[in-house]
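Take a look at the structure below.
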Amino acid sequence: MATQSSALSLLLHYPASGSRVHNPPTHRPPRPSHPSFSSRRHLPLISAVAAPARPQLTHSMPPEKVEVFKSLEGWAAQCVLPLLKPVEGCWQPQDFLPDPKLSADDFSDEVRELRRRTADLPDEYFVVLVGDMITEDALPTYQTMINTLDGVRDETGASSSPWAVWTRAWTAEENRHGDLLRTYLYLSGRVDMLMVERTVQYLIGAGMNPGTENNPYLGYVYTSFQERATFVSHGNTARLAKEGGDPVLARICGTIAADEKRHENAYAKIVEKLLEVAQWRHDGYRRHDAEEDHNASSPHVRRM
C-alpha cells in the first residue's frame with residue numbers, strides 16, 4: 001500500500017513552468033541543508049491501493065451498559081466539560097494570518113512576508129503539513145463517528161446531555177485547526193490547493209469505519225490515541241518550522257498541538273473513569289459471588 005508521504009506528494013504544487021507559485025528570484029541559490037530535514041528532494045509517486053473492506057460489527061455494547069454512561073453524566077459535567085475553553089478565551093485563525101482589514105498594499109506585503117518565510121521549507125515538510133491539514137479538515141467524519149456511539153450520541157443535534165455538549169464543543173474547537181492550516185497553505189503558494197480540496201471531499205465522502213462497533217468504550221479509547229497522534233504530529237511540525245525559519249508557522253503548529261493535548265487529556269480521563277467503574281463493578285460481583293458461596297456452605301444457613 002502506498003505510504004501517506006508518497007500519496008500526498010501529488011499535492012505539492014509544480015506548475016507547468018517548473019517553478020513554484022511563490023515568487024522567489026528565477027535563479028535561487030541552493031537551499032541550505034538542515035540536519036532535521038532529509039536531503040531527498042523528489043518523492044516517488046506510488047499508486048494508492050484501497051484497503052479491503054472489513055465486516056461491519058455494530059452495537060456490540062450490552063444494552064445494560066448504556067446505564068453506565070447515563071449514571072456518569074454528572075461526573076462528565078464536573079470533570080470533562082471544564083477542559084473546554086470559552087469561545088471568547090479561544091484563539092482564532094485570524095490571530096495568525098494577514099489582516100484583511102489592512103489596505104491592499106499592506107495586506108499584500110504581509111502575504112509576501114509569509115511566502116518569504118515558507119520559501120526555504122523543503123517539499124517533504126509540506127507533504128506532512130498537508131497530511132495534518134487534511135486530517136483536521138475531515139472533522140465532519142469524526143463527529144459523525146462519535147454520534148454513532150450508543151449512550152453518548154447527540155440524539156437531537158442540540159441535546160443537553162454532557163456527552164453531547166462535549167462532542168459539539170470539541171468539534172467547534174477542532175474546527176479552527178483545519179481552517180487555519182488550510183488558509184496558511186493557500187497563502188504560501190507551495191501546494192496545489194485544488195488537489196488538496198478534492199482530496200478532502202473524497203475523504204469526507206468515503207467516511208470511516210474505525211471498528212468501534214457503536215461502542216463508546218471502544219470509541220473513547222480510539223479518540224484518546226487519535227488525539228495523542230495529532231499532538232505528536234503537530235508538535236513535530238512546530239519544531240521543524242522553527243528550525244526551518246518560519247516562527248509564525250511554528251507558533252501555529254504548536255498552538256494546535258496544545259489543543260490536541262488538552263483534548264487527549266479529556267478522552268484519557270473518560271477512559272480512566274470507565275476502567276475505574278468497570279473495576280468497581282467487577283469487584284462488586286466478586287464480593288457478591290463470594291457471599292453466596294459462603295452462605296451456601298455455612299451449616300447455619302437453612303437450606304430450602
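Ordering of the C-alpha cells sets the chain letters (A, B, ...), residue numbers begin anew at 1 in every chain, and ligands are numbered from 1 in the order given.
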
| field | Long-range neighbours of range 165-173 of chain A as a ChimeraX atom specification, 12 Å cut-off, only C-alpha atoms, 5 positions minimum in chain | value | /A:73,76-93,136-149,152-160,178-180,220,223,227,256,258-260,262-264,266-267,270

| Spatial neighbours of Asn236 in chain A, max dist 10 Å, only C-alpha atoms, sep filter under 3 positions, as a list in words |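 Once the nearby chain positions are removed, what remains is Val128, Thr230, Phe231, Val232, Ser233, Arg239, Leu240, Ala241, Ala250, Cys253, Gly254 and Ala257 of chain A.
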
Selection file, C-alpha atoms, as an mmCIF file, in the first residue's frame:
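Result file is selection31.cif:
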```cif
data_model
loop_
_atom_site.group_PDB
_atom_site.id
_atom_site.type_symbol
_atom_site.label_atom_id
_atom_site.label_comp_id
_atom_site.auth_asym_id
_atom_site.auth_seq_id
_atom_site.Cartn_x
_atom_site.Cartn_y
_atom_site.Cartn_z
ATOM 1 C CA VAL A 128 3.474 16.255 6.218
ATOM 2 C CA THR A 230 -2.192 14.555 16.298
ATOM 3 C CA PHE A 231 -0.477 16.141 19.313
ATOM 4 C CA VAL A 232 2.782 14.422 18.383
ATOM 5 C CA SER A 233 2.492 15.276 14.673
ATOM 6 C CA ARG A 239 9.728 22.205 15.814
ATOM 7 C CA LEU A 240 10.682 21.760 12.156
ATOM 8 C CA ALA A 241 9.041 25.053 11.124
ATOM 9 C CA ALA A 250 5.932 27.125 14.318
ATOM 10 C CA CYS A 253 1.513 24.188 14.822
ATOM 11 C CA GLY A 254 2.490 24.476 18.491
ATOM 12 C CA ALA A 257 -0.652 20.751 19.364
#
```

| Pick the closest to Thr255 in chain A from A:Glu174, A:Ser188, A:Ser71, A:Gly205: which is it, counting only C-alpha atoms? |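 Ranked by minimum distance to Thr255 in chain A, first place goes to A:Glu174.
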
| query | Just asking: which residues within range 160-198 of chain A are alpha helix (DSSP H) according to DSSP, as number ranges by chain? | reply | A: 162-188, 193-198

| task | Between CA of Gln56 in chain A and CA of Gly211 in chain A, measure the distance and give it in Å to one decimal. | result | 7.7 Å
